[in-house]
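Structure file upload-v4.txt with compact mmCIF, C-alpha atoms:
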```
# COMPACT_ATOMS: atom_id res chain seq x y z
CA MET A 1 41.08 73.86 -4.50
CA LYS A 2 37.50 73.71 -3.29
CA ASN A 3 36.34 72.68 -6.80
CA ILE A 4 38.89 69.85 -6.93
CA ILE A 5 37.63 68.47 -3.61
CA ILE A 6 33.99 68.66 -4.76
CA ILE A 7 34.83 66.96 -8.06
CA SER A 8 36.84 64.26 -6.26
CA ILE A 9 34.04 63.54 -3.78
CA THR A 10 31.46 63.44 -6.59
CA PHE A 11 33.65 61.06 -8.59
CA LEU A 12 34.14 58.72 -5.61
CA PHE A 13 30.41 58.76 -4.90
CA LEU A 14 29.55 57.86 -8.50
CA VAL A 15 32.14 55.08 -8.64
CA SER A 16 30.90 53.52 -5.39
CA CYS A 17 27.26 53.64 -6.56
CA THR A 18 28.15 52.05 -9.87
CA SER A 19 30.16 49.18 -8.44
CA SER A 20 27.61 48.29 -5.76
CA GLU A 21 24.85 48.32 -8.39
CA LYS A 22 26.79 45.83 -10.53
CA LYS A 23 27.37 43.50 -7.60
CA THR A 24 23.70 43.55 -6.65
CA SER A 25 22.36 42.82 -10.12
CA ASN A 26 24.85 40.02 -10.86
CA SER A 27 24.45 38.23 -7.54
CA ASN A 28 20.65 37.98 -7.86
CA GLN A 29 20.60 36.80 -11.45
CA PRO A 30 19.92 33.07 -11.97
CA SER A 31 22.64 31.22 -13.80
CA ILE A 32 22.88 28.08 -15.89
CA LYS A 33 25.74 25.80 -14.84
CA TRP A 34 27.64 25.90 -18.13
CA LEU A 35 30.25 23.18 -18.47
CA SER A 36 32.98 22.44 -20.99
CA ILE A 37 32.70 19.52 -23.39
CA ASP A 38 35.40 17.71 -21.40
CA GLU A 39 33.57 18.25 -18.10
CA VAL A 40 30.31 16.91 -19.53
CA GLN A 41 32.00 13.80 -20.92
CA LYS A 42 33.46 13.06 -17.47
CA LYS A 43 30.10 13.63 -15.71
CA MET A 44 28.27 11.41 -18.22
CA LYS A 45 30.43 8.44 -17.18
CA THR A 46 29.22 8.49 -13.58
CA SER A 47 25.93 10.40 -13.69
CA PRO A 48 24.28 10.35 -17.13
CA LYS A 49 21.73 12.97 -17.99
CA LYS A 50 20.59 14.73 -21.14
CA VAL A 51 22.96 17.29 -22.66
CA LEU A 52 22.32 20.48 -24.55
CA ILE A 53 24.98 22.37 -26.44
CA ASP A 54 24.39 26.01 -27.32
CA VAL A 55 26.24 26.50 -30.60
CA TYR A 56 26.79 30.23 -31.05
CA ALA A 57 29.10 32.83 -32.60
CA GLU A 58 30.52 35.88 -30.82
CA TRP A 59 29.19 38.28 -33.48
CA CYS A 60 25.65 36.80 -33.53
CA GLY A 61 23.00 39.22 -32.25
CA PRO A 62 20.28 36.60 -31.59
CA CYS A 63 22.86 34.48 -29.73
CA LYS A 64 23.67 37.43 -27.47
CA ARG A 65 19.97 38.07 -26.82
CA MET A 66 19.37 34.44 -25.91
CA ALA A 67 22.36 34.52 -23.55
CA LYS A 68 21.18 37.76 -21.96
CA TYR A 69 17.44 37.17 -21.73
CA THR A 70 16.41 33.56 -22.41
CA PHE A 71 19.24 31.80 -20.57
CA THR A 72 18.86 34.05 -17.52
CA ASP A 73 15.12 33.52 -17.09
CA SER A 74 14.64 31.82 -13.72
CA GLN A 75 12.29 29.11 -15.06
CA VAL A 76 14.65 28.31 -17.95
CA VAL A 77 17.67 28.24 -15.62
CA ASP A 78 15.93 25.97 -13.11
CA TYR A 79 14.70 23.57 -15.77
CA ILE A 80 18.01 23.31 -17.61
CA ASN A 81 20.06 22.87 -14.44
CA LYS A 82 17.72 20.11 -13.27
CA HIS A 83 17.35 18.14 -16.54
CA PHE A 84 20.49 18.80 -18.60
CA TYR A 85 24.21 19.27 -18.59
CA ALA A 86 24.67 22.49 -20.54
CA VAL A 87 27.57 23.51 -22.78
CA LYS A 88 28.21 26.76 -24.63
CA PHE A 89 30.25 26.20 -27.77
CA ASP A 90 31.65 29.04 -29.87
CA ALA A 91 31.39 27.67 -33.42
CA GLU A 92 34.36 29.77 -34.50
CA SER A 93 36.66 28.78 -31.65
CA LYS A 94 40.14 27.54 -32.54
CA PRO A 95 41.06 24.81 -30.02
CA ASP A 96 40.62 21.18 -31.05
CA VAL A 97 37.74 19.31 -29.43
CA ASN A 98 37.89 15.66 -28.47
CA PHE A 99 34.33 14.36 -28.34
CA LEU A 100 33.44 10.70 -27.92
CA ASN A 101 36.99 9.68 -28.82
CA LYS A 102 37.04 11.65 -32.06
CA ASN A 103 39.06 14.81 -32.63
CA TYR A 104 37.42 17.86 -34.25
CA LYS A 105 39.33 20.88 -35.57
CA ASN A 106 38.63 24.34 -36.88
CA LYS A 107 40.15 24.16 -40.37
CA ALA A 108 38.67 27.39 -41.62
CA ARG A 109 36.17 29.76 -40.01
CA THR A 110 33.68 27.28 -38.55
CA HIS A 111 34.69 24.46 -36.22
CA ASP A 112 34.14 20.91 -37.48
CA PHE A 113 32.43 20.06 -34.17
CA ALA A 114 29.78 22.73 -34.78
CA LEU A 115 29.29 21.59 -38.38
CA LYS A 116 29.00 17.91 -37.43
CA PHE A 117 26.53 18.29 -34.57
CA GLY A 118 24.85 21.67 -35.10
CA SER A 119 24.02 21.43 -38.78
CA THR A 120 20.54 20.69 -40.02
CA PRO A 121 19.59 19.84 -43.63
CA ARG A 122 19.56 23.60 -44.22
CA GLY A 123 23.10 24.03 -42.85
CA LEU A 124 24.39 25.61 -39.65
CA ALA A 125 22.62 28.65 -38.21
CA TYR A 126 23.25 30.65 -35.06
CA PRO A 127 22.11 30.05 -32.45
CA THR A 128 21.48 26.32 -32.60
CA ILE A 129 20.82 24.16 -29.58
CA VAL A 130 21.89 20.53 -29.96
CA TYR A 131 20.18 17.97 -27.70
CA PHE A 132 21.68 14.63 -26.70
CA ASP A 133 20.08 11.82 -24.70
CA GLU A 134 21.56 10.16 -21.61
CA ASP A 135 23.60 7.81 -23.83
CA PHE A 136 25.17 10.80 -25.61
CA LYS A 137 23.26 10.08 -28.81
CA LYS A 138 22.19 13.17 -30.70
CA ILE A 139 18.44 13.71 -30.55
CA ASN A 140 18.15 16.87 -32.65
CA ALA A 141 19.65 20.26 -33.48
CA ILE A 142 17.18 23.15 -33.19
CA PRO A 143 18.24 26.44 -34.79
CA GLY A 144 16.87 29.86 -34.02
CA TYR A 145 16.27 32.48 -31.39
CA TYR A 146 13.64 31.79 -28.74
CA VAL A 147 12.27 33.95 -25.95
CA ALA A 148 12.13 32.27 -22.55
CA ASP A 149 8.58 30.87 -22.76
CA GLN A 150 9.14 29.47 -26.26
CA TYR A 151 12.47 28.01 -25.30
CA LEU A 152 11.12 26.38 -22.15
CA GLU A 153 8.52 24.58 -24.26
CA VAL A 154 11.26 23.23 -26.55
CA ALA A 155 13.51 22.26 -23.62
CA LYS A 156 10.64 20.39 -21.93
CA TYR A 157 9.83 18.58 -25.17
CA PHE A 158 13.29 17.02 -25.05
CA GLY A 159 13.89 17.05 -21.30
CA ASP A 160 10.62 15.26 -20.44
CA ASN A 161 11.03 12.72 -23.28
CA HIS A 162 7.98 13.85 -25.27
CA TYR A 163 10.14 13.59 -28.41
CA LYS A 164 10.00 9.80 -28.03
CA THR A 165 6.23 9.55 -28.49
CA LYS A 166 5.06 12.57 -30.50
CA SER A 167 6.12 15.26 -32.89
CA PHE A 168 6.82 18.73 -31.57
CA GLN A 169 3.64 19.92 -33.29
CA GLN A 170 1.55 17.30 -31.48
CA TYR A 171 3.22 18.16 -28.18
CA SER A 172 2.76 21.89 -28.73
CA ASN A 173 -0.94 21.45 -29.60
CA MET A 174 -1.52 19.60 -26.30
CA ARG A 175 -0.30 22.53 -24.24
```

Rewritten as structure tokens:
Amino acid sequence: MKNIIIISITFLFLVSCTSSEKKTSNSNQPSIKWLSIDEVQKKMKTSPKKVLIDVYAEWCGPCKRMAKYTFTDSQVVDYINKHFYAVKFDAESKPDVNFLNKNYKNKARTHDFALKFGSTPRGLAYPTIVYFDEDFKKINAIPGYYVADQYLEVAKYFGDNHYKTKSFQQYSNMR
């Protein structure tokens, strides 16, 4: 009987430590205000701003690392929330997407929306970040994994309109 009480108390202690630790770490972590495609389209009508769409796949390791490390970096979070509407789009999702009055479907494994906007001349890679201007015109799709500092440089290239006057290489050499 004494052993059961000790085990029970130990178990309760461990459970309470674990749950309070999770609450603490999640509440202090910066967060990007991810929106749906529908939400962004509504916001663009009254308050236009640049848009970025993170095209990812559930099984993609680099996508998971970007979500866990890059998109939780406080400088990245602050910059994106200030300069962009942000969308996460699972390229293998099934629901239809209505974007700019056109309907996109997933007819096979990859969604037509991801193929249309996330593809580059080399095809579609994961992750890919698609950038749109304030008029919802596609600026560019940038594939690949980036650590926070690298990603912030790319985001600022588009967010601060440097893409209008110089190549990324010229912009990068200036920094």

Counting all atoms listed in the file, closest pick from A:Lys107, A:Lys156, A:Lys116, A:Arg122 relative to A:Val76 is A:Lys156

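Of note, atom CA of A:Thr120 and atom CA of A:Cys63 are spaced 17.4 Å apart.
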
Just checking: using only C-alpha atoms, which residue out of A:Lys94, A:Lys64, A:Lys105, A:Lys88 ends up closest to A:Tyr146?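 Of all the options, A:Lys64 lies closest to A:Tyr146.
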
Non-local contacts of stretch 43-55 of chain A (8 Å; only C-alpha atoms; under 2 positions in same chain excluded) as a PyMOL selection string: chain A and resi 39-41+57+83-91+114+118+126-136+159

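Distance annotation: of A:Ser167, A:Gln29, A:Asn106, A:Asn98, the residue with the minimal separation from A:Phe71 is A:Gln29; atom set is all atoms listed in the file.
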
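If you look at atom CA of A:Phe113 and atom CA of A:Val97, they are 7.2 Å away from each other.
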
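Candidate residues A:Asp149, A:Asp112, A:Glu92, A:Asp38 were compared for distance to A:Trp59, and the nearest is A:Glu92, using all atoms listed in the file.
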
Distance atom CA of A:Lys42-atom CA of A:His162, one decimal place?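 Atom CA of A:Lys42 sits 26.7 Å away from atom CA of A:His162.
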
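Selection around (26.5, 25.2, -13.9) with radius 9 Å, counting only C-alpha atoms, yields the residues Ser31, Ile32, Lys33, Trp34, Leu35, Asn81, Tyr85 and Ala86 of chain A.
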